[in-house]
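**Q** Here it is, the structure, as structure tokens.
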Amino acid sequence: MSKNISVFRTPESKAGFYAAYEAMLKRWPVPYEELYIPTRFGETHVIASGYQGAPALVLFHSAGSGAVQWFRNVGSFSRRYRTYCVDVIGEVNKSSTTWKITQRLEFVEWMEALFNGLQIESAGLVGNSFGGMLAFTAALYLPGRVRKVVLISPAATFVQMWAFYTHLAFPYKFGYTIGSERIIMSGFNWLWQDFPRDAIATHYTRLSKTNGFPSYQLAPPVFSDEELRKIRSPMLLLIGDHEVIYNPRRAIRRATRLVPGLKAEIIPNANHNAQVTAPDLVNQKILNFLDCPVPD
């Protein structure tokens, strides 16, 4: 039997995080069920909402977070889609890891196992940050399983994100190693900018960063010109105007030049997590894109 690889500091850290996770789930605006999908990398926790039989929509959250990140979006999406908000394997969330992912193709294998376990033939994908990179990876390697893709400030993918490593990734790892909450949160405060946060979400965010650390070892890649040109799924790229990990316009220029048919927009008054800071606008843009028929 495979042994779990814990992402939490201590059993007490895990218990505290789970309590914060449950507090976020209490805000879920629509009925839901929690599913656990077995894969060779561990058991993946998924929050499923919407009508059985409706078209599938799979959502991948940003790094250092969990599926509850989508609580401001799932209500709109679930009116038309069967939404699956996924706790990405290896992250600090309710999924459990038994095999540490170190390669991009292992994430591809995990996503394929996830789709099979959910009995999804093909799905729309929405991903933010690291989750955006995963959604793009699925479109590249599993094109037959992907109908449409929405990327919200994908990590790297189109351009390098040196500011992210300097201001967040390196301080986060150092702060976690020495047990400094101040250093850990300084990077995430830089990422979030000065946008308001409510108490419940802030508490969850703090515990997701300080009570554990992701187990996977994979830096988000910048995909090659050849890889970008291979994409065939319709794709929408949304980046907040307060994005700090890279220049939004530079990312959009390369994406629209190389990805066939990609549409891109800058979201006003939004940061790296545009679906959280500008949810109404982002929800509408995503639904408009997903609902538009795919040309033959």
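By convention here, the chains of the structure tokens are called A, B, ... in the order presented, each chain's residues are numbered starting at 1, and ligands are numbered starting at 1 in the order presented.
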Taking only C-alpha atoms into account, produce a table as a tab-separated table in which each residue of range 58-103 of chain A with an atom at most 12 Å from an atom of range 15-31 of chain A appears once, together with its shortest atom pair and the distance in Å to one decimal, ordered by chain and rising number.
**A**
residue	atom	partner	partner_atom	distance
A:Ser65	CA	A:Tyr21	CA	10.2
A:Gly66	CA	A:Tyr21	CA	8.5
A:Ala67	CA	A:Tyr21	CA	9.4
A:Val68	CA	A:Met24	CA	6.3
A:Gln69	CA	A:Met24	CA	8.5
A:Trp70	CA	A:Trp28	CA	8.8
A:Phe71	CA	A:Trp28	CA	5.6
A:Arg72	CA	A:Pro29	CA	8.1
A:Asn73	CA	A:Pro29	CA	9.1
A:Val74	CA	A:Pro29	CA	7.4
A:Gly75	CA	A:Pro29	CA	5.6
A:Ser76	CA	A:Pro29	CA	9.3
A:Phe77	CA	A:Val30	CA	10.2
A:Ser78	CA	A:Val30	CA	7.7
A:Arg79	CA	A:Val30	CA	9.2
A:Arg82	CA	A:Pro31	CA	11.5
A:Thr83	CA	A:Val30	CA	10.8
A:Cys85	CA	A:Trp28	CA	11.4
A:Asp87	CA	A:Tyr21	CA	11.4
A:Val92	CA	A:Phe17	CA	8.7
A:Asn93	CA	A:Tyr18	CA	8.0
A:Lys94	CA	A:Tyr18	CA	7.6
A:Ser95	CA	A:Tyr18	CA	11.3
**Q** Could you please write out, as a PyMOL selection string, every residue of range 7-218 of chain A that DSSP assigns to alpha helix (DSSP H)?
**A** chain A and resi 11-25+74-77+104-117+130-141+162-164+170-178+181-192+199-210
**Q** Take the residues that were just selected and, keeping C-alpha atoms, output them as a PDB file, in the first residue's frame.
**A**
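Listed below is the output, out_32.pdb:
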ATOM      1  CA  PRO A  11      -1.266  16.897  12.233  1.00  0.00           C
ATOM      2  CA  GLU A  12      -2.416  20.045  14.056  1.00  0.00           C
ATOM      3  CA  SER A  13      -1.564  22.180  11.005  1.00  0.00           C
ATOM      4  CA  LYS A  14      -3.652  19.855   8.851  1.00  0.00           C
ATOM      5  CA  ALA A  15      -6.605  20.010  11.240  1.00  0.00           C
ATOM      6  CA  GLY A  16      -6.490  23.805  11.330  1.00  0.00           C
ATOM      7  CA  PHE A  17      -6.347  24.014   7.560  1.00  0.00           C
ATOM      8  CA  TYR A  18      -9.249  21.578   7.121  1.00  0.00           C
ATOM      9  CA  ALA A  19     -11.376  23.707   9.469  1.00  0.00           C
ATOM     10  CA  ALA A  20     -10.617  26.786   7.342  1.00  0.00           C
ATOM     11  CA  TYR A  21     -11.423  24.800   4.181  1.00  0.00           C
ATOM     12  CA  GLU A  22     -14.798  23.779   5.616  1.00  0.00           C
ATOM     13  CA  ALA A  23     -15.539  27.409   6.506  1.00  0.00           C
ATOM     14  CA  MET A  24     -14.965  28.308   2.842  1.00  0.00           C
ATOM     15  CA  LEU A  25     -17.189  25.427   1.696  1.00  0.00           C
ATOM     16  CA  VAL A  74     -19.137  28.326  -9.360  1.00  0.00           C
ATOM     17  CA  GLY A  75     -22.685  29.647  -8.934  1.00  0.00           C
ATOM     18  CA  SER A  76     -22.733  31.233 -12.392  1.00  0.00           C
ATOM     19  CA  PHE A  77     -20.965  28.318 -14.064  1.00  0.00           C
ATOM     20  CA  ARG A 104       5.091  17.809 -16.889  1.00  0.00           C
ATOM     21  CA  LEU A 105       3.991  14.508 -18.433  1.00  0.00           C
ATOM     22  CA  GLU A 106       3.160  13.153 -14.974  1.00  0.00           C
ATOM     23  CA  PHE A 107       0.643  15.979 -14.595  1.00  0.00           C
ATOM     24  CA  VAL A 108      -0.737  14.978 -18.010  1.00  0.00           C
ATOM     25  CA  GLU A 109      -1.126  11.391 -16.774  1.00  0.00           C
ATOM     26  CA  TRP A 110      -2.812  12.668 -13.604  1.00  0.00           C
ATOM     27  CA  MET A 111      -5.274  14.831 -15.583  1.00  0.00           C
ATOM     28  CA  GLU A 112      -6.140  11.948 -17.900  1.00  0.00           C
ATOM     29  CA  ALA A 113      -6.780   9.683 -14.893  1.00  0.00           C
ATOM     30  CA  LEU A 114      -8.908  12.437 -13.362  1.00  0.00           C
ATOM     31  CA  PHE A 115     -11.048  12.777 -16.516  1.00  0.00           C
ATOM     32  CA  ASN A 116     -11.440   8.995 -16.665  1.00  0.00           C
ATOM     33  CA  GLY A 117     -12.403   8.806 -13.000  1.00  0.00           C
ATOM     34  CA  PHE A 130      -0.466  27.257 -12.059  1.00  0.00           C
ATOM     35  CA  GLY A 131      -3.909  25.883 -12.904  1.00  0.00           C
ATOM     36  CA  GLY A 132      -3.836  27.881 -16.133  1.00  0.00           C
ATOM     37  CA  MET A 133      -0.548  26.247 -17.051  1.00  0.00           C
ATOM     38  CA  LEU A 134      -2.163  22.858 -16.353  1.00  0.00           C
ATOM     39  CA  ALA A 135      -5.153  23.699 -18.549  1.00  0.00           C
ATOM     40  CA  PHE A 136      -2.818  24.717 -21.378  1.00  0.00           C
ATOM     41  CA  THR A 137      -0.836  21.498 -20.891  1.00  0.00           C
ATOM     42  CA  ALA A 138      -4.034  19.458 -21.202  1.00  0.00           C
ATOM     43  CA  ALA A 139      -4.930  21.254 -24.441  1.00  0.00           C
ATOM     44  CA  LEU A 140      -1.461  20.446 -25.790  1.00  0.00           C
ATOM     45  CA  TYR A 141      -1.195  16.787 -24.757  1.00  0.00           C
ATOM     46  CA  TRP A 162      11.074  36.453 -13.112  1.00  0.00           C
ATOM     47  CA  ALA A 163       9.268  38.843 -10.758  1.00  0.00           C
ATOM     48  CA  PHE A 164       7.290  35.910  -9.362  1.00  0.00           C
ATOM     49  CA  PHE A 170      12.001  32.179  -3.235  1.00  0.00           C
ATOM     50  CA  PRO A 171      10.757  34.139  -0.170  1.00  0.00           C
ATOM     51  CA  TYR A 172       7.896  31.637   0.258  1.00  0.00           C
ATOM     52  CA  LYS A 173      10.238  28.651   0.353  1.00  0.00           C
ATOM     53  CA  PHE A 174      12.736  30.441   2.614  1.00  0.00           C
ATOM     54  CA  GLY A 175      10.018  31.717   4.937  1.00  0.00           C
ATOM     55  CA  TYR A 176       8.431  28.279   5.170  1.00  0.00           C
ATOM     56  CA  THR A 177      11.794  26.672   5.921  1.00  0.00           C
ATOM     57  CA  ILE A 178      12.543  28.995   8.829  1.00  0.00           C
ATOM     58  CA  GLU A 181       4.787  33.783   8.557  1.00  0.00           C
ATOM     59  CA  ARG A 182       5.798  37.385   7.868  1.00  0.00           C
ATOM     60  CA  ILE A 183       8.162  36.375   5.054  1.00  0.00           C
ATOM     61  CA  ILE A 184       5.722  33.804   3.651  1.00  0.00           C
ATOM     62  CA  MET A 185       2.855  36.269   3.447  1.00  0.00           C
ATOM     63  CA  SER A 186       4.940  39.174   2.121  1.00  0.00           C
ATOM     64  CA  GLY A 187       5.151  37.480  -1.278  1.00  0.00           C
ATOM     65  CA  PHE A 188       1.446  36.735  -1.461  1.00  0.00           C
ATOM     66  CA  ASN A 189       0.583  40.277  -0.376  1.00  0.00           C
ATOM     67  CA  TRP A 190       2.784  41.509  -3.252  1.00  0.00           C
ATOM     68  CA  LEU A 191       0.855  39.245  -5.621  1.00  0.00           C
ATOM     69  CA  TRP A 192      -2.540  40.305  -4.303  1.00  0.00           C
ATOM     70  CA  ALA A 199     -11.899  37.720   6.885  1.00  0.00           C
ATOM     71  CA  ILE A 200     -12.875  34.109   6.064  1.00  0.00           C
ATOM     72  CA  ALA A 201     -10.993  34.021   2.757  1.00  0.00           C
ATOM     73  CA  THR A 202      -7.979  35.762   4.319  1.00  0.00           C
ATOM     74  CA  HIS A 203      -7.839  33.198   7.124  1.00  0.00           C
ATOM     75  CA  TYR A 204      -8.056  30.318   4.647  1.00  0.00           C
ATOM     76  CA  THR A 205      -5.366  31.863   2.435  1.00  0.00           C
ATOM     77  CA  ARG A 206      -3.011  32.382   5.373  1.00  0.00           C
ATOM     78  CA  LEU A 207      -3.343  28.773   6.581  1.00  0.00           C
ATOM     79  CA  SER A 208      -2.985  27.368   3.058  1.00  0.00           C
ATOM     80  CA  LYS A 209       0.397  29.124   2.844  1.00  0.00           C
ATOM     81  CA  THR A 210       1.733  28.703   6.375  1.00  0.00           C
TER      82      THR A 210
END
**Q** Check which residues of range 128-194 of chain A sit at most 10 Å from range 278-295 of chain A using only C-alpha atoms, and return one row each with the closest pair of atoms and their distance in Å to one decimal, ordered by chain and rising number, as CSV.
**A**
residue,atom,partner,partner_atom,distance
A:Arg147,CA,A:Val294,CA,8.4
A:Lys148,CA,A:Leu290,CA,6.8
A:Val149,CA,A:Leu290,CA,8.4
A:Val150,CA,A:Ile286,CA,7.1
A:Leu151,CA,A:Ile286,CA,9.7
A:Ile152,CA,A:Val282,CA,9.2
**Q** Take the residues just selected and output them with N, CA and C atoms as a compact mmCIF listing (two decimals), in the first residue's frame.
**A**
# COMPACT_ATOMS: atom_id res chain seq x y z
N ARG A 147 -12.50 20.65 -24.92
CA ARG A 147 -13.35 21.40 -25.85
C ARG A 147 -12.87 22.84 -26.01
N LYS A 148 -12.81 23.53 -24.90
CA LYS A 148 -12.38 24.93 -24.88
C LYS A 148 -11.55 25.16 -23.64
N VAL A 149 -10.73 26.22 -23.66
CA VAL A 149 -9.84 26.50 -22.54
C VAL A 149 -9.88 27.99 -22.21
N VAL A 150 -9.99 28.29 -20.91
CA VAL A 150 -9.87 29.66 -20.42
C VAL A 150 -8.65 29.72 -19.50
N LEU A 151 -7.74 30.61 -19.80
CA LEU A 151 -6.55 30.81 -18.98
C LEU A 151 -6.66 32.15 -18.29
N ILE A 152 -6.56 32.15 -16.97
CA ILE A 152 -6.57 33.39 -16.18
C ILE A 152 -5.18 33.58 -15.61
**Q** Using only C-alpha atoms, find the one residue out of A:Ala56, A:Ala169, A:Ile37, A:Ile120 that sits nearest to Val88 in chain A.
**A** A:Ile37
**Q** For each of A:Ala155, A:Val222, A:Leu168, A:Val46, take the minimum atom-to-atom distance to Asn128 in chain A, counting only C-alpha atoms, then give the residue where this is smallest.
**A**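 The answer is A:Ala155, which sits nearest to Asn128 in chain A.
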**Q** Using only C-alpha atoms, can you tell me which of A:Arg232, A:Lys100, A:His272, A:Arg9 comes closest to Leu142 in chain A?
**A** A:Arg232
**Q** My list of candidates is A:Gln160, A:Thr166, A:Ser215, A:Ser6. Which is closest to Gly64 in chain A when distances are computed with only C-alpha atoms?
**A**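 Of A:Gln160, A:Thr166, A:Ser215, A:Ser6, the one nearest Gly64 in chain A, counting only C-alpha atoms, is A:Ser215.
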